[in-house]
Amino acid sequence: MKSFAQNLIQLRRQYNMTQEQLANKLNISSQAVSKWETGQSLPDIIMLPKIADIFRTSIDSLISHSLKHNPSTQYEEFYRSQNYYWGITPNHLCYEILKLKPPIKPWRLLDIGCGEGKDAVFFARNGYQVDAFDITKTGLDKAEKLASFYNVQVNFFQADINSFRPNTQYDIIFSSGVLHYLKPDLKERIIHNYKHHTAENGLNVFNVFIDKPFLSPAPDEETPHTLWYSGELAILYHDWYFHQFYENIFDCISNNIPHKHCMNTIIAEKVCS
């Protein structure tokens, strides 16, 4: 009961939602929400999916003892600099998306692990309707400033990749260099969820770090994390059309220390018969 109450308070505040606003969404009294948060009562079991849906999380995370309060990674510190840790030049995959889904309409796009927001802001500047989340508060603060500088609207919000679940259909789901934070037992389930919440003829565009024993760990690499295996991502999208799938090794100087990464990159389309 205590875990649910703490998690509910954290999620509600994270979404800048009052008890009354949450109650209205659930068609219940604000007093009921107050009792949940003070641990005096618990919601009926049929209410849990509705609550999880509102906060774009899973029921497991909603009631779990392991939900992180005040989530933080080492990037919280990296992002405190006035400079943008990853720069503000869009990822090259952004341009591939522009080619395949040119902004002839406001396509709905989700940026998973948006960091300081350079890609999310780029998409918004080009007419996409963008939702973007990250676990780091400092990164999101800088992302908001970048969006404000370019005078564009992006729906930035704080969330953990392992507990977040989309509750709407997207034309494009995009993520760069983040999916190694997925817990091994959640990988397949979460990718399936992304696929399920992709509209017909929509795109999933991801790159993932690949485990190569001949490459040393990156100097800014965090643990725990789970690198992917070559082709693992392709298997999960075997039933989609591949515009691109490739593996490459490239140089990186993040943290001002030269090193190498290996990545698989996929651009897959949901083609329905």
# chains A, B, ... in the order shown; residues from 1 in each chain; ligands from 1
$ residues_around --residues "Trp36 in chain A" --least-positions-apart "3" --cutoff "9 Å" --atoms "only C-alpha atoms" --output "PyMOL selection string"
chain A and resi 1+4-5+8+31-33+39-43
$ select_by_dssp --residues "range 54-243 of chain A" --states "strand (DSSP E or B)" --output "tab-separated table (two decimals) with N, CA, C and O atoms, in the first residue's frame"
chain	number	residue	atom	x	y	z
A	57	THR	N	2.43	4.28	-17.87
A	57	THR	CA	3.31	3.35	-17.21
A	57	THR	C	2.63	1.99	-17.14
A	57	THR	O	1.50	1.82	-17.63
A	108	ARG	N	2.52	12.43	-35.82
A	108	ARG	CA	2.70	12.28	-34.37
A	108	ARG	C	3.98	11.48	-34.14
A	108	ARG	O	4.10	10.35	-34.62
A	109	LEU	N	4.91	12.04	-33.39
A	109	LEU	CA	6.21	11.40	-33.18
A	109	LEU	C	6.54	11.32	-31.71
A	109	LEU	O	6.32	12.26	-30.95
A	110	LEU	N	7.10	10.18	-31.29
A	110	LEU	CA	7.56	9.97	-29.92
A	110	LEU	C	9.07	9.81	-29.94
A	110	LEU	O	9.60	8.94	-30.65
A	111	ASP	N	9.77	10.63	-29.16
A	111	ASP	CA	11.22	10.54	-29.01
A	111	ASP	C	11.51	9.94	-27.64
A	111	ASP	O	11.25	10.55	-26.60
A	112	ILE	N	12.07	8.73	-27.64
A	112	ILE	CA	12.35	7.98	-26.42
A	112	ILE	C	13.77	8.29	-25.94
A	112	ILE	O	14.73	8.05	-26.66
A	129	GLN	N	4.37	16.76	-34.70
A	129	GLN	CA	3.77	16.89	-33.38
A	129	GLN	C	4.52	15.94	-32.45
A	129	GLN	O	4.40	14.72	-32.57
A	130	VAL	N	5.30	16.49	-31.54
A	130	VAL	CA	6.32	15.70	-30.84
A	130	VAL	C	6.01	15.54	-29.35
A	130	VAL	O	5.78	16.51	-28.63
A	131	ASP	N	6.04	14.28	-28.89
A	131	ASP	CA	6.12	13.94	-27.48
A	131	ASP	C	7.54	13.41	-27.25
A	131	ASP	O	8.06	12.66	-28.08
A	132	ALA	N	8.16	13.79	-26.14
A	132	ALA	CA	9.54	13.36	-25.89
A	132	ALA	C	9.76	13.22	-24.40
A	132	ALA	O	9.35	14.07	-23.62
A	133	PHE	N	10.43	12.13	-24.00
A	133	PHE	CA	10.68	11.95	-22.57
A	133	PHE	C	12.12	11.52	-22.31
A	133	PHE	O	12.81	11.00	-23.19
A	134	ASP	N	12.53	11.76	-21.08
A	134	ASP	CA	13.85	11.34	-20.62
A	134	ASP	C	13.75	11.16	-19.11
A	134	ASP	O	12.84	11.69	-18.46
A	155	ASN	N	6.01	18.40	-26.30
A	155	ASN	CA	5.49	17.87	-25.04
A	155	ASN	C	6.57	17.05	-24.36
A	155	ASN	O	6.68	15.84	-24.55
A	156	PHE	N	7.44	17.73	-23.60
A	156	PHE	CA	8.48	17.04	-22.85
A	156	PHE	C	7.92	16.55	-21.52
A	156	PHE	O	7.15	17.25	-20.85
A	157	PHE	N	8.33	15.34	-21.11
A	157	PHE	CA	7.93	14.84	-19.80
A	157	PHE	C	8.98	13.85	-19.29
A	157	PHE	O	9.75	13.28	-20.07
A	158	GLN	N	9.02	13.69	-17.99
A	158	GLN	CA	10.00	12.82	-17.36
A	158	GLN	C	9.43	11.42	-17.18
A	158	GLN	O	8.32	11.24	-16.68
A	164	PHE	N	7.64	3.31	-18.79
A	164	PHE	CA	6.76	4.07	-19.67
A	164	PHE	C	6.10	3.16	-20.70
A	164	PHE	O	6.75	2.30	-21.31
A	170	TYR	N	1.24	6.44	-32.59
A	170	TYR	CA	2.23	7.35	-33.16
A	170	TYR	C	2.52	6.96	-34.61
A	170	TYR	O	2.51	5.78	-34.96
A	171	ASP	N	2.80	7.96	-35.43
A	171	ASP	CA	3.23	7.70	-36.80
A	171	ASP	C	4.71	7.34	-36.85
A	171	ASP	O	5.15	6.63	-37.76
A	172	ILE	N	5.47	7.84	-35.88
A	172	ILE	CA	6.90	7.58	-35.81
A	172	ILE	C	7.29	7.41	-34.35
A	172	ILE	O	6.95	8.25	-33.51
A	173	ILE	N	8.00	6.32	-34.04
A	173	ILE	CA	8.61	6.16	-32.73
A	173	ILE	C	10.12	6.08	-32.96
A	173	ILE	O	10.60	5.26	-33.73
A	174	PHE	N	10.84	6.96	-32.28
A	174	PHE	CA	12.27	7.16	-32.56
A	174	PHE	C	13.07	7.10	-31.27
A	174	PHE	O	12.63	7.58	-30.22
A	175	SER	N	14.25	6.48	-31.34
A	175	SER	CA	15.15	6.49	-30.20
A	175	SER	C	16.57	6.25	-30.68
A	175	SER	O	16.81	5.38	-31.51
A	176	SER	N	17.49	7.02	-30.13
A	176	SER	CA	18.90	6.88	-30.50
A	176	SER	C	19.76	6.70	-29.26
A	176	SER	O	19.81	7.57	-28.39
A	198	THR	N	2.12	1.87	-32.91
A	198	THR	CA	2.54	2.53	-34.15
A	198	THR	C	1.41	2.42	-35.16
A	198	THR	O	0.87	1.33	-35.38
A	199	ALA	N	1.05	3.53	-35.75
A	199	ALA	CA	-0.04	3.56	-36.73
A	199	ALA	C	0.34	2.80	-38.00
A	199	ALA	O	1.52	2.56	-38.28
A	200	GLU	N	-0.67	2.42	-38.78
A	200	GLU	CA	-0.43	1.74	-40.05
A	200	GLU	C	0.48	2.60	-40.93
A	200	GLU	O	0.28	3.82	-41.04
A	201	ASN	N	1.47	1.96	-41.53
A	201	ASN	CA	2.49	2.63	-42.35
A	201	ASN	C	3.37	3.58	-41.53
A	201	ASN	O	4.09	4.41	-42.09
A	202	GLY	N	3.33	3.43	-40.22
A	202	GLY	CA	4.20	4.21	-39.35
A	202	GLY	C	5.59	3.59	-39.29
A	202	GLY	O	5.82	2.45	-39.72
A	203	LEU	N	6.52	4.35	-38.72
A	203	LEU	CA	7.92	3.95	-38.65
A	203	LEU	C	8.37	3.76	-37.21
A	203	LEU	O	7.95	4.50	-36.32
A	204	ASN	N	9.22	2.77	-37.00
A	204	ASN	CA	10.03	2.68	-35.79
A	204	ASN	C	11.47	2.83	-36.23
A	204	ASN	O	11.96	2.09	-37.09
A	205	VAL	N	12.15	3.81	-35.66
A	205	VAL	CA	13.52	4.13	-36.06
A	205	VAL	C	14.40	4.11	-34.82
A	205	VAL	O	14.30	4.99	-33.96
A	206	PHE	N	15.25	3.09	-34.72
A	206	PHE	CA	16.07	2.90	-33.52
A	206	PHE	C	17.51	2.60	-33.90
A	206	PHE	O	17.79	2.00	-34.95
A	207	ASN	N	18.43	2.99	-33.03
A	207	ASN	CA	19.75	2.39	-33.06
A	207	ASN	C	20.09	1.90	-31.66
A	207	ASN	O	19.66	2.48	-30.66
A	208	VAL	N	20.82	0.79	-31.59
A	208	VAL	CA	21.13	0.16	-30.31
A	208	VAL	C	22.62	-0.19	-30.27
A	208	VAL	O	23.21	-0.57	-31.29
A	209	PHE	N	23.20	-0.06	-29.10
A	209	PHE	CA	24.60	-0.42	-28.92
A	209	PHE	C	24.74	-1.94	-28.90
A	209	PHE	O	23.97	-2.65	-28.24
A	210	ILE	N	25.74	-2.43	-29.65
A	210	ILE	CA	25.96	-3.86	-29.81
A	210	ILE	C	27.17	-4.32	-29.00
A	210	ILE	O	28.20	-3.65	-28.96
A	228	TRP	N	22.96	-4.94	-26.81
A	228	TRP	CA	22.25	-5.87	-27.67
A	228	TRP	C	23.23	-6.76	-28.42
A	228	TRP	O	24.43	-6.48	-28.45
A	241	TYR	N	8.40	-4.22	-42.63
A	241	TYR	CA	9.22	-3.94	-43.81
A	241	TYR	C	10.44	-3.11	-43.40
A	241	TYR	O	10.29	-2.08	-42.73
A	242	PHE	N	11.63	-3.55	-43.81
A	242	PHE	CA	12.85	-2.84	-43.47
A	242	PHE	C	13.22	-1.85	-44.58
A	242	PHE	O	13.48	-2.25	-45.71
A	243	HIS	N	13.26	-0.57	-44.25
A	243	HIS	CA	13.84	0.40	-45.16
A	243	HIS	C	15.36	0.37	-45.04
A	243	HIS	O	16.07	0.50	-46.05
$ select_by_dssp --residues "range 66-232 of chain A" --states "helix (DSSP H, G or I)" --output "JSON, numbers by chain"
{"A": [75, 76, 77, 78, 92, 93, 94, 95, 96, 97, 98, 99, 100, 118, 119, 120, 121, 122, 123, 124, 125, 137, 138, 139, 140, 141, 142, 143, 144, 145, 146, 147, 148, 149, 179, 180, 181, 187, 188, 189, 190, 191, 192, 193, 194, 195, 196, 232]}
$ atom_distance --atom1 "CA of His180 in chain A" --atom2 "CA of Tyr75 in chain A"
15.0 Å
$ residues_around --residues "Ile28 in chain A" --least-positions-apart "3" --cutoff "12 Å" --atoms "only C-alpha atoms" --output "list in words"
Gln19, Glu20, Gln21, Leu22, Ala23, Asn24, Lys25, Gln31, Ala32, Val33, Ser34, Lys35, Pro43, Asp44, Met47, Lys50 and Ile51 of chain A
$ closest_residue --among "A:Asn27, A:Ser3, A:Thr136, A:Asn16" --to "Asp60 in chain A" --atoms "only C-alpha atoms"
A:Ser3
$ atom_distance --atom1 "CA of Ile257 in chain A" --atom2 "CA of Asn83 in chain A"
17.0 Å
$ atom_distance --atom1 "CA of Arg165 in chain A" --atom2 "CA of Ile266 in chain A"
20.7 Å
$ residues_around --residues "Gln82 in chain A" --least-positions-apart "2" --cutoff "12 Å" --atoms "only C-alpha atoms" --output "list in words"
Glu77, Phe78, Tyr79, Arg80, Tyr84, Tyr85, Trp86, Gly87, Glu116, Thr138, Gly139, Asp141, Lys142, Lys145 and Leu146 of chain A
$ closest_residue --among "A:Lys260, A:Lys183, A:Lys118, A:Arg125" --to "Asn151 in chain A" --atoms "only C-alpha atoms"
A:Arg125
